[in-house]
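What follows is one structure encoded as structure tokens, with my remarks underneath.
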Amino acid sequence: MTTSYGAANTALLKDPTIQFPTFRGLRSSNSLALTRPLHSVSVPSSNLSLIRAVATPAKPDTASQTKRSKVEIFKEQSNFIRYPLNEEILTDAPNINEAATQLIKFHGSYQQYNRDDRGQRNYSFMLRTKNPCGKVSNNLYLTMDDLADQFGIGTLRLTTRQTFQLHGVLKKDLKTVMSTIIKNMGSTLGACGDLNRNVLAPAAPLKRKDYLFAQQTADNIAALLTPQSGFYYDVWVDGERVISAESPEVVKARNDNSLGTNFPDSPEPIYGTQFLPRKFKIAVTVPTDNSVDILTNDIGVVVVSDDEGEPQGFNIYVGGGMGRTHRLETTFPRLGEPLGYVPKEDILYAVKAIVVTQRENGRRDDRKYSRMKYLISSWGIEKFRSVVEQYYGKKFEPFRELPEWEFRSYLGWHEQGDGSLFCGLHVDNGRIGGKMKKTLREIIEKHDLSVRLTPNQNIILCDIRKAWKRPITTALAQAGLLQPRFVDPLNITAMACPAFPLCPLAITEAERGIPDIIKRVRAVFEKVGLRYYESVVIRVTGCPNGCARPYMAELGLVGDGPNSYQVWLGGKPNQTSLARSFMDKVKVQDLEKVLEPLFYHWKRRRQPKESFGEFTIRMGFEKLKELVDKWEGPVLASSRYNLKLFADKETYEAVHELAKLQNKNAHQLAMEVIRNFVASQQNGKGE
């Protein structure tokens with residue numbers, strides 16, 4: 001159903017001299033020694049820089065001196081994220097101005113340019129969808145596939161937050177692409193910007209009570225924190241707002257202002273004019289399932305069930321976050337910590353109370369410190385809990401005991417629990433293109449499948465009849481989408497952000513660089529005697545913002561200069577501990593000088609079942625650096641397998657020349673060819 005929405009606002013904003021309401025601080029009605037509600041008062045534009053905007057009540061005599069970031073002023077002057085974006089997208093220029101560049105993030109887009117090009121900047125836009133739980137309907141998948149070819153760069157990018165990214169959209173095509181997504185029941189609203197981002201949940205379509213409850217809860221939280229003022233629809237579909245049914249409990253929780261959480265009579269009852277200080281990330285899961293990197297989120301919600309498997313309530317973690325700034329020790333990655341337990345009927349009120357606490361108290365002067373993790377680090381968890389409880393209206397119950405976390409990829413074939421199957425497919429760095437893209441479309445379209453996107457940049461095909469398993473397996477294998485046992489174990493858990501050429505924040509390569517890095521790590525494994533099935537979690541980012549969550553990896557490579565990485569060590573395979581910075585400014589061509597001694601000594605000194613990350617922490621970084629500094633090469637015992645791969649010198653030399661082109665030796669290339677041949681033969685027989 002659609003309805004005309006916001007035509008008056010759109011017309012009003014045609015006047016560039018419009019005067020905006022004065023921002024009277026963030027405190028909402030009746031809230032903890034609150035100021036009066038926000039009122040609309042016109043002020044001369046020359047005085048805008050003096051308007052007070054604070055995250056906590058300011059004394060009257062210091063109010064005018066409160067510092068705010070430029071983005072806070074852009075938000076205040078935007079008439080709820082409309083102006084000047086609505087005018088900028090209509091100009092003939094290929095780009096938009098600074099204010100519009102910040103505002104379009106709230107609409108789910110970033111302005112970019114190709115950094116490989118020299119000379120004049122070639123601007124384009126990246127669009128990111130919002131898909132709670134990673135759910136994508138059949139129609140929306142086919143729509144995104146079409147848009148990638150018609151208006152993008154011919155590929156779809158799966159993200160670490162269960163969404164699509166569409167790169168290369170020109171400004172003149174933005175409205176067409178956005179409106180097409182909206183009209184096919186998709187959305188990019190809030191996929192970026194200073195508000196709640198996509199809500200994660202386990203992507204597996206298991207028909208289990210706890211999984212279904214976690215996914216429904218993620219949907220409800222996403223709905224609760226979706227902007228309400230209609231700016232998205234005003235800009236992209238001329239106010240024709242697409243309305244989807246909301247559960248009564250969501251509407252009730254959003255509108256409840258009994259504890260002063262809301263801005264009365266505001267089109268944004270929870271966010272107000274200023275929205276949140278910074279991005280906000282939430283994940284929901286069930287005990288043991290850490291497919292969502294639960295501890296890296298601002299809020300982590302865990303379903304707690306009784307002995308019969310009936311969901312009873314939720315454990316809540318708070319304060320996780322990855323982003324940091326190089327060589328600025330006051331910025332840091334942080335793990336979420338336990339806040340408490342709430343009964344299931346209270347979860348929306350508890351989440352809202354946490355969001356409002358961050359809205360009211362998070363820093364708005366310096367965006368490097370605006371995430372909620374810095375508020376909690378400054379206050380401590382006890383004070384934070386106390387303030388949240390005032391907005392929640394209750395005391396949090398003690399955190400319930402949880403079993404050990406496990407990383408689950410859901411790759412391969414599985415029973416859904418309703419007679420159908422699902423198939424998880426590994427996609428290197430989430431990039432769907434070429435033959436893979438064509439084959440996926442054919443399968444999804446032919447069998448009318450829905451899909452789920454995973455937090456590990458992979459895709460799950462859902463609701464597959466058992467009779468379709470063999471032909472689908474064969475078609476996927478022919479397109480390079482192999483069953484997990486035929487994928488290098490290093491690739492299964494590896495992730496990288498897009499970085500160059502389009503990300504404006506990238507310092508060095510990530511997505512384009514990680515395939516070679518993985519091959520080189522595999523070569524080091526073979527050189528020091530590690531088995532093929534052994535693995536480490538490797539994550540690579542082109543800058544310190546941490547989009548691929550490198551600070552949770554056993555081996556994290558974080559771009560810190562051209563062709564240079566900061567090396568992080570010490571994460572765990574189940575994503576429950578932070579890595580630590582081990583070395584700075586390691587040139588990409590010198591990685592083996594660091595990795596060889598580390599993997600060699602892990603192979604020889606590890607304790608039973610000790611992961612690489614656990615080994616590095618137990619050994620200590622001082623000792624590891626000593627081993628790296630003194631490294632002169634491995635002392636290798638003779639192989640237990642005397643496999644002669646080359647029967648004649650001519651064959652060896654021919655393979656050797658081919659291998660050099662791929663930065664390998666002849667034995668490595670021969671083994672890779674043999675593995676791929678065996679895999680293709682076994683896949684062709686079906687599973």
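Every chain in the structure tokens has a letter given in the order shown (A, B, ...), and although residue numbers restart at 1 in each chain, ligands are simply numbered from 1 in the order shown.
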
Do you have, as JSON lines, the list of residues of region 138-238 of chain A lying at most 10 Å from region 270-283 of chain A, each with its nearest atom pair and that distance in Å to one decimal, counting only C-alpha atoms and ordered by chain then number?
```
{"residue": "A:Arg161", "atom": "CA", "partner": "A:Lys281", "partner_atom": "CA", "distance": 9.3}
{"residue": "A:Gly190", "atom": "CA", "partner": "A:Lys279", "partner_atom": "CA", "distance": 9.5}
{"residue": "A:Ala191", "atom": "CA", "partner": "A:Lys279", "partner_atom": "CA", "distance": 9.6}
{"residue": "A:Cys192", "atom": "CA", "partner": "A:Lys279", "partner_atom": "CA", "distance": 7.4}
{"residue": "A:Gly193", "atom": "CA", "partner": "A:Lys279", "partner_atom": "CA", "distance": 5.9}
{"residue": "A:Asp194", "atom": "CA", "partner": "A:Arg278", "partner_atom": "CA", "distance": 4.3}
{"residue": "A:Leu195", "atom": "CA", "partner": "A:Lys279", "partner_atom": "CA", "distance": 5.3}
{"residue": "A:Asn196", "atom": "CA", "partner": "A:Phe280", "partner_atom": "CA", "distance": 4.6}
{"residue": "A:Arg197", "atom": "CA", "partner": "A:Lys281", "partner_atom": "CA", "distance": 5.5}
{"residue": "A:Asn198", "atom": "CA", "partner": "A:Lys281", "partner_atom": "CA", "distance": 7.1}
{"residue": "A:Val199", "atom": "CA", "partner": "A:Ile282", "partner_atom": "CA", "distance": 5.2}
{"residue": "A:Leu200", "atom": "CA", "partner": "A:Ala283", "partner_atom": "CA", "distance": 4.4}
{"residue": "A:Ala201", "atom": "CA", "partner": "A:Ala283", "partner_atom": "CA", "distance": 5.8}
{"residue": "A:Pro202", "atom": "CA", "partner": "A:Ala283", "partner_atom": "CA", "distance": 9.0}
{"residue": "A:Ala214", "atom": "CA", "partner": "A:Ala283", "partner_atom": "CA", "distance": 9.5}
{"residue": "A:Gln215", "atom": "CA", "partner": "A:Ala283", "partner_atom": "CA", "distance": 9.9}
{"residue": "A:Thr217", "atom": "CA", "partner": "A:Ala283", "partner_atom": "CA", "distance": 9.9}
{"residue": "A:Ala218", "atom": "CA", "partner": "A:Ala283", "partner_atom": "CA", "distance": 7.3}
{"residue": "A:Ile221", "atom": "CA", "partner": "A:Ile282", "partner_atom": "CA", "distance": 8.6}
{"residue": "A:Ala222", "atom": "CA", "partner": "A:Ile282", "partner_atom": "CA", "distance": 8.9}
{"residue": "A:Leu224", "atom": "CA", "partner": "A:Ile270", "partner_atom": "CA", "distance": 9.1}
{"residue": "A:Leu225", "atom": "CA", "partner": "A:Ile270", "partner_atom": "CA", "distance": 7.6}
{"residue": "A:Thr226", "atom": "CA", "partner": "A:Ile270", "partner_atom": "CA", "distance": 9.4}
{"residue": "A:Pro227", "atom": "CA", "partner": "A:Tyr271", "partner_atom": "CA", "distance": 7.6}
{"residue": "A:Gln228", "atom": "CA", "partner": "A:Ile270", "partner_atom": "CA", "distance": 9.0}
{"residue": "A:Ser229", "atom": "CA", "partner": "A:Gly272", "partner_atom": "CA", "distance": 9.6}
```

Leaving out Thr616 (chain A) and any residue of its chain fewer than 4 positions from it, which residues lie within 9 Å of it when counting only C-alpha atoms, given as a PDB file with C-alpha atoms, in the first residue's frame?
```pdb
ATOM      1  CA  GLU A 554      43.700 -14.807  14.724  1.00  0.00           C
ATOM      2  CA  LEU A 569      47.357 -11.439  16.520  1.00  0.00           C
ATOM      3  CA  GLY A 570      45.425 -13.218  19.236  1.00  0.00           C
ATOM      4  CA  LEU A 598      55.059 -17.663  13.697  1.00  0.00           C
ATOM      5  CA  TRP A 602      52.958 -22.795  16.331  1.00  0.00           C
ATOM      6  CA  SER A 611      44.545 -22.521  18.024  1.00  0.00           C
ATOM      7  CA  PHE A 612      47.023 -20.126  16.458  1.00  0.00           C
ATOM      8  CA  GLY A 620      53.574 -13.473  24.498  1.00  0.00           C
ATOM      9  CA  PHE A 621      54.412 -10.877  21.879  1.00  0.00           C
ATOM     10  CA  LEU A 624      57.242 -13.933  19.295  1.00  0.00           C
TER      11      LEU A 624
END
```

**Message:** With only C-alpha atoms as the counted atoms, please give the residues lying no more than 10 Å from Gly412 (chain A), apart from itself and same-chain residues fewer than 6 positions off, as a ChimeraX atom specification.
**Reply:** /A:422-426,460,473,482-485

If you keep N, CA, C and O atoms, can you produce a file of those selected residues as a compact mmCIF listing (two decimals), in the first residue's frame?
```txt
# COMPACT_ATOMS: atom_id res chain seq x y z
N PHE A 422 18.44 -26.36 2.85
CA PHE A 422 19.10 -25.12 2.48
C PHE A 422 20.56 -25.43 2.17
O PHE A 422 21.12 -26.42 2.64
N CYS A 423 21.16 -24.56 1.34
CA CYS A 423 22.53 -24.78 0.89
C CYS A 423 23.32 -23.51 1.07
O CYS A 423 23.02 -22.47 0.46
N GLY A 424 24.33 -23.56 1.94
CA GLY A 424 25.20 -22.41 2.18
C GLY A 424 26.37 -22.43 1.22
O GLY A 424 27.04 -23.46 1.06
N LEU A 425 26.62 -21.30 0.56
CA LEU A 425 27.65 -21.22 -0.47
C LEU A 425 28.73 -20.22 -0.07
O LEU A 425 28.41 -19.08 0.31
N HIS A 426 29.98 -20.64 -0.17
CA HIS A 426 31.09 -19.73 0.11
C HIS A 426 31.33 -18.83 -1.08
O HIS A 426 31.47 -19.29 -2.22
N ILE A 460 23.05 -18.09 1.38
CA ILE A 460 22.34 -19.34 1.63
C ILE A 460 21.12 -19.39 0.72
O ILE A 460 20.31 -18.45 0.69
N THR A 473 23.53 -28.86 -7.18
CA THR A 473 24.94 -29.07 -6.80
C THR A 473 25.84 -29.07 -8.02
O THR A 473 26.91 -28.45 -8.04
N LEU A 482 31.81 -24.35 -4.96
CA LEU A 482 32.09 -25.72 -4.52
C LEU A 482 31.51 -25.99 -3.13
O LEU A 482 31.27 -25.07 -2.35
N GLN A 483 31.32 -27.27 -2.86
CA GLN A 483 30.95 -27.67 -1.51
C GLN A 483 32.11 -27.36 -0.56
O GLN A 483 33.27 -27.36 -0.97
N PRO A 484 31.82 -27.08 0.72
CA PRO A 484 32.86 -26.54 1.60
C PRO A 484 34.10 -27.41 1.73
O PRO A 484 35.19 -26.88 1.93
N ARG A 485 33.96 -28.72 1.59
CA ARG A 485 35.15 -29.55 1.75
C ARG A 485 36.13 -29.41 0.59
O ARG A 485 37.27 -29.87 0.67
```

**Item:** Top pick for closest residue to Ser420 (chain A), considering A:Trp468, A:Ile182, A:Lys519, A:Glu337 and counting only C-alpha atoms
**Value:** A:Trp468

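We find CA of Gly559 (chain A) and CA of Gly108 (chain A) to be spaced 25.1 Å apart.
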
Taking 4 positions as the minimum chain separation for residues in the same chain, which residues sit within 7 Å of region 116-127 of chain A when counting only C-alpha atoms? Answer as a JSON list (two decimals) with C-alpha atoms, in the first residue's frame.
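Final output, saved to selection27.json:
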```json
[["chain", "number", "residue", "atom", "x", "y", "z"],
["A", 94, "PRO", "CA", 28.26, 14.29, -11.18],
["A", 95, "ASN", "CA", 28.70, 14.72, -7.42],
["A", 108, "GLY", "CA", 21.89, 4.12, 2.54],
["A", 109, "SER", "CA", 24.48, 5.50, 0.12],
["A", 110, "TYR", "CA", 28.07, 6.77, 0.04],
["A", 111, "GLN", "CA", 29.57, 9.05, -2.58],
["A", 112, "GLN", "CA", 32.77, 7.55, -3.99],
["A", 165, "GLN", "CA", 26.32, -3.33, -1.69],
["A", 166, "LEU", "CA", 25.80, -2.06, -5.22],
["A", 167, "HIS", "CA", 28.80, -0.11, -6.52],
["A", 168, "GLY", "CA", 29.24, 2.31, -9.40],
["A", 169, "VAL", "CA", 25.79, 3.93, -9.58],
["A", 170, "LEU", "CA", 25.91, 7.34, -11.27],
["A", 171, "LYS", "CA", 24.14, 10.31, -9.70],
["A", 501, "PRO", "CA", 39.52, 1.26, -5.79]]
```

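Comparing the minimum interatomic distances between Gln150 (chain A) and each of A:Thr176, A:Ala477, A:Gln390, A:Gln162, counting only C-alpha atoms, we find that A:Thr176 sits nearest.
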
**Request:** Return as JSON, numbers by chain the full set of residues in region 128-197 of chain A whose backbone-based DSSP assignment is alpha helix (DSSP H).
**Result:** {"A": [138, 139, 140, 141, 142, 143, 144, 145, 146, 147, 148, 149, 150, 151, 174, 175, 176, 177, 178, 179, 180, 181, 182, 183]}

Would you mind exporting N, CA, C and O atoms of the selected residues as an mmCIF file, in the first residue's frame?
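selection17.cif, freshly written:
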```
data_model
loop_
_atom_site.group_PDB
_atom_site.id
_atom_site.type_symbol
_atom_site.label_atom_id
_atom_site.label_comp_id
_atom_site.auth_asym_id
_atom_site.auth_seq_id
_atom_site.Cartn_x
_atom_site.Cartn_y
_atom_site.Cartn_z
ATOM 1 N N ASN A 138 12.860 -13.660 -3.167
ATOM 2 C CA ASN A 138 13.217 -14.036 -4.537
ATOM 3 C C ASN A 138 13.173 -12.816 -5.453
ATOM 4 O O ASN A 138 14.108 -12.558 -6.219
ATOM 5 N N ASN A 139 12.122 -12.032 -5.340
ATOM 6 C CA ASN A 139 11.948 -10.874 -6.215
ATOM 7 C C ASN A 139 13.023 -9.820 -5.971
ATOM 8 O O ASN A 139 13.560 -9.233 -6.921
ATOM 9 N N LEU A 140 13.365 -9.576 -4.707
ATOM 10 C CA LEU A 140 14.381 -8.571 -4.409
ATOM 11 C C LEU A 140 15.751 -9.017 -4.909
ATOM 12 O O LEU A 140 16.523 -8.201 -5.433
ATOM 13 N N TYR A 141 16.086 -10.310 -4.768
ATOM 14 C CA TYR A 141 17.376 -10.780 -5.272
ATOM 15 C C TYR A 141 17.483 -10.547 -6.767
ATOM 16 O O TYR A 141 18.500 -10.025 -7.265
ATOM 17 N N LEU A 142 16.451 -10.928 -7.504
ATOM 18 C CA LEU A 142 16.478 -10.762 -8.957
ATOM 19 C C LEU A 142 16.548 -9.281 -9.334
ATOM 20 O O LEU A 142 17.206 -8.911 -10.311
ATOM 21 N N THR A 143 15.877 -8.439 -8.550
ATOM 22 C CA THR A 143 15.936 -6.994 -8.789
ATOM 23 C C THR A 143 17.351 -6.469 -8.598
ATOM 24 O O THR A 143 17.868 -5.698 -9.427
ATOM 25 N N MET A 144 18.008 -6.851 -7.505
ATOM 26 C CA MET A 144 19.378 -6.396 -7.248
ATOM 27 C C MET A 144 20.327 -6.914 -8.327
ATOM 28 O O MET A 144 21.246 -6.201 -8.752
ATOM 29 N N ASP A 145 20.112 -8.141 -8.764
ATOM 30 C CA ASP A 145 20.935 -8.719 -9.827
ATOM 31 C C ASP A 145 20.803 -7.892 -11.106
ATOM 32 O O ASP A 145 21.802 -7.586 -11.771
ATOM 33 N N ASP A 146 19.577 -7.511 -11.451
ATOM 34 C CA ASP A 146 19.345 -6.681 -12.635
ATOM 35 C C ASP A 146 19.990 -5.307 -12.486
ATOM 36 O O ASP A 146 20.633 -4.796 -13.416
ATOM 37 N N LEU A 147 19.804 -4.676 -11.318
ATOM 38 C CA LEU A 147 20.340 -3.329 -11.102
ATOM 39 C C LEU A 147 21.860 -3.305 -11.202
ATOM 40 O O LEU A 147 22.443 -2.327 -11.689
ATOM 41 N N ALA A 148 22.513 -4.363 -10.727
ATOM 42 C CA ALA A 148 23.974 -4.432 -10.804
ATOM 43 C C ALA A 148 24.444 -4.370 -12.250
ATOM 44 O O ALA A 148 25.455 -3.726 -12.570
ATOM 45 N N ASP A 149 23.713 -5.034 -13.145
ATOM 46 C CA ASP A 149 24.088 -5.033 -14.562
ATOM 47 C C ASP A 149 23.708 -3.732 -15.253
ATOM 48 O O ASP A 149 24.468 -3.200 -16.068
ATOM 49 N N GLN A 150 22.533 -3.204 -14.931
ATOM 50 C CA GLN A 150 22.023 -2.040 -15.648
ATOM 51 C C GLN A 150 22.652 -0.723 -15.181
ATOM 52 O O GLN A 150 22.890 0.184 -15.985
ATOM 53 N N PHE A 151 22.926 -0.614 -13.877
ATOM 54 C CA PHE A 151 23.363 0.671 -13.323
ATOM 55 C C PHE A 151 24.643 0.584 -12.493
ATOM 56 O O PHE A 151 25.175 1.629 -12.102
ATOM 57 N N LEU A 174 20.547 7.562 -9.601
ATOM 58 C CA LEU A 174 20.259 7.253 -8.200
ATOM 59 C C LEU A 174 18.772 7.087 -7.929
ATOM 60 O O LEU A 174 18.344 6.124 -7.287
ATOM 61 N N LYS A 175 17.972 8.022 -8.404
ATOM 62 C CA LYS A 175 16.545 7.990 -8.100
ATOM 63 C C LYS A 175 15.883 6.758 -8.726
ATOM 64 O O LYS A 175 15.028 6.119 -8.104
ATOM 65 N N THR A 176 16.297 6.412 -9.932
ATOM 66 C CA THR A 176 15.756 5.212 -10.584
ATOM 67 C C THR A 176 16.096 3.959 -9.792
ATOM 68 O O THR A 176 15.237 3.099 -9.548
ATOM 69 N N VAL A 177 17.351 3.852 -9.373
ATOM 70 C CA VAL A 177 17.783 2.658 -8.640
ATOM 71 C C VAL A 177 17.103 2.590 -7.275
ATOM 72 O O VAL A 177 16.573 1.541 -6.877
ATOM 73 N N MET A 178 17.103 3.700 -6.552
ATOM 74 C CA MET A 178 16.470 3.722 -5.230
ATOM 75 C C MET A 178 14.983 3.377 -5.325
ATOM 76 O O MET A 178 14.468 2.550 -4.560
ATOM 77 N N SER A 179 14.283 4.003 -6.240
ATOM 78 C CA SER A 179 12.844 3.764 -6.338
ATOM 79 C C SER A 179 12.543 2.329 -6.764
ATOM 80 O O SER A 179 11.559 1.740 -6.322
ATOM 81 N N THR A 180 13.402 1.760 -7.600
ATOM 82 C CA THR A 180 13.213 0.360 -8.009
ATOM 83 C C THR A 180 13.359 -0.578 -6.817
ATOM 84 O O THR A 180 12.579 -1.524 -6.648
ATOM 85 N N ILE A 181 14.364 -0.321 -5.972
ATOM 86 C CA ILE A 181 14.539 -1.144 -4.766
ATOM 87 C C ILE A 181 13.322 -1.019 -3.866
ATOM 88 O O ILE A 181 12.776 -2.024 -3.378
ATOM 89 N N ILE A 182 12.859 0.212 -3.646
ATOM 90 C CA ILE A 182 11.719 0.444 -2.758
ATOM 91 C C ILE A 182 10.468 -0.255 -3.285
ATOM 92 O O ILE A 182 9.729 -0.910 -2.532
ATOM 93 N N LYS A 183 10.211 -0.141 -4.580
ATOM 94 C CA LYS A 183 8.990 -0.703 -5.164
ATOM 95 C C LYS A 183 9.024 -2.225 -5.246
ATOM 96 O O LYS A 183 7.992 -2.852 -5.501
#
```

**Message:** I want to know what sits within 7 Å of Thr155 (chain A), based on only C-alpha atoms, with residues of the same chain fewer than 2 positions away left out; could you give that as an MDAnalysis selection string?
**Reply:** chainID A and resid 148 153 157 431:433

Go through region 541-651 of chain A and flag each residue having an atom no more than 12 Å from region 391-411 of chain A; for those, report the closest pair of atoms plus their distance in Å to one decimal, using only C-alpha atoms, ordered by chain and rising number, as a Markdown table.
```
| residue | atom | partner | partner_atom | distance |
| --- | --- | --- | --- | --- |
| A:Met552 | CA | A:Phe407 | CA | 12.0 |
| A:Lys572 | CA | A:Phe407 | CA | 9.8 |
| A:Pro573 | CA | A:Phe407 | CA | 6.9 |
| A:Asn574 | CA | A:Phe407 | CA | 4.8 |
| A:Gln575 | CA | A:Phe407 | CA | 7.1 |
| A:Thr576 | CA | A:Trp405 | CA | 7.5 |
| A:Ser577 | CA | A:Trp405 | CA | 11.1 |
```

**Prompt:** Can you tell me, as an NGL selection string, what residues are no more than 10 Å from Gly480 (chain A) when counting only C-alpha atoms, ignoring any on the same chain fewer than 3 positions away?
**Reply:** :A and (426-427 or 435-436 or 439 or 475-477 or 483 or 487 or 680)

Given the selection you just returned, output its residues as a file containing C-alpha atoms, formatted as a PDB file, in the first residue's frame.
```pdb
ATOM      1  CA  HIS A 426      31.094 -19.732   0.115  1.00  0.00           C
ATOM      2  CA  VAL A 427      31.644 -16.520  -1.867  1.00  0.00           C
ATOM      3  CA  LYS A 435      29.640 -16.988 -14.237  1.00  0.00           C
ATOM      4  CA  MET A 436      28.858 -17.319 -10.530  1.00  0.00           C
ATOM      5  CA  THR A 439      24.391 -19.327 -12.414  1.00  0.00           C
ATOM      6  CA  ALA A 475      25.284 -26.371 -11.648  1.00  0.00           C
ATOM      7  CA  LEU A 476      26.918 -24.636  -8.682  1.00  0.00           C
ATOM      8  CA  ALA A 477      30.134 -26.639  -9.019  1.00  0.00           C
ATOM      9  CA  GLN A 483      30.946 -27.669  -1.509  1.00  0.00           C
ATOM     10  CA  VAL A 487      37.265 -24.937  -0.524  1.00  0.00           C
ATOM     11  CA  SER A 680      35.459 -31.164 -10.018  1.00  0.00           C
TER      12      SER A 680
END
```
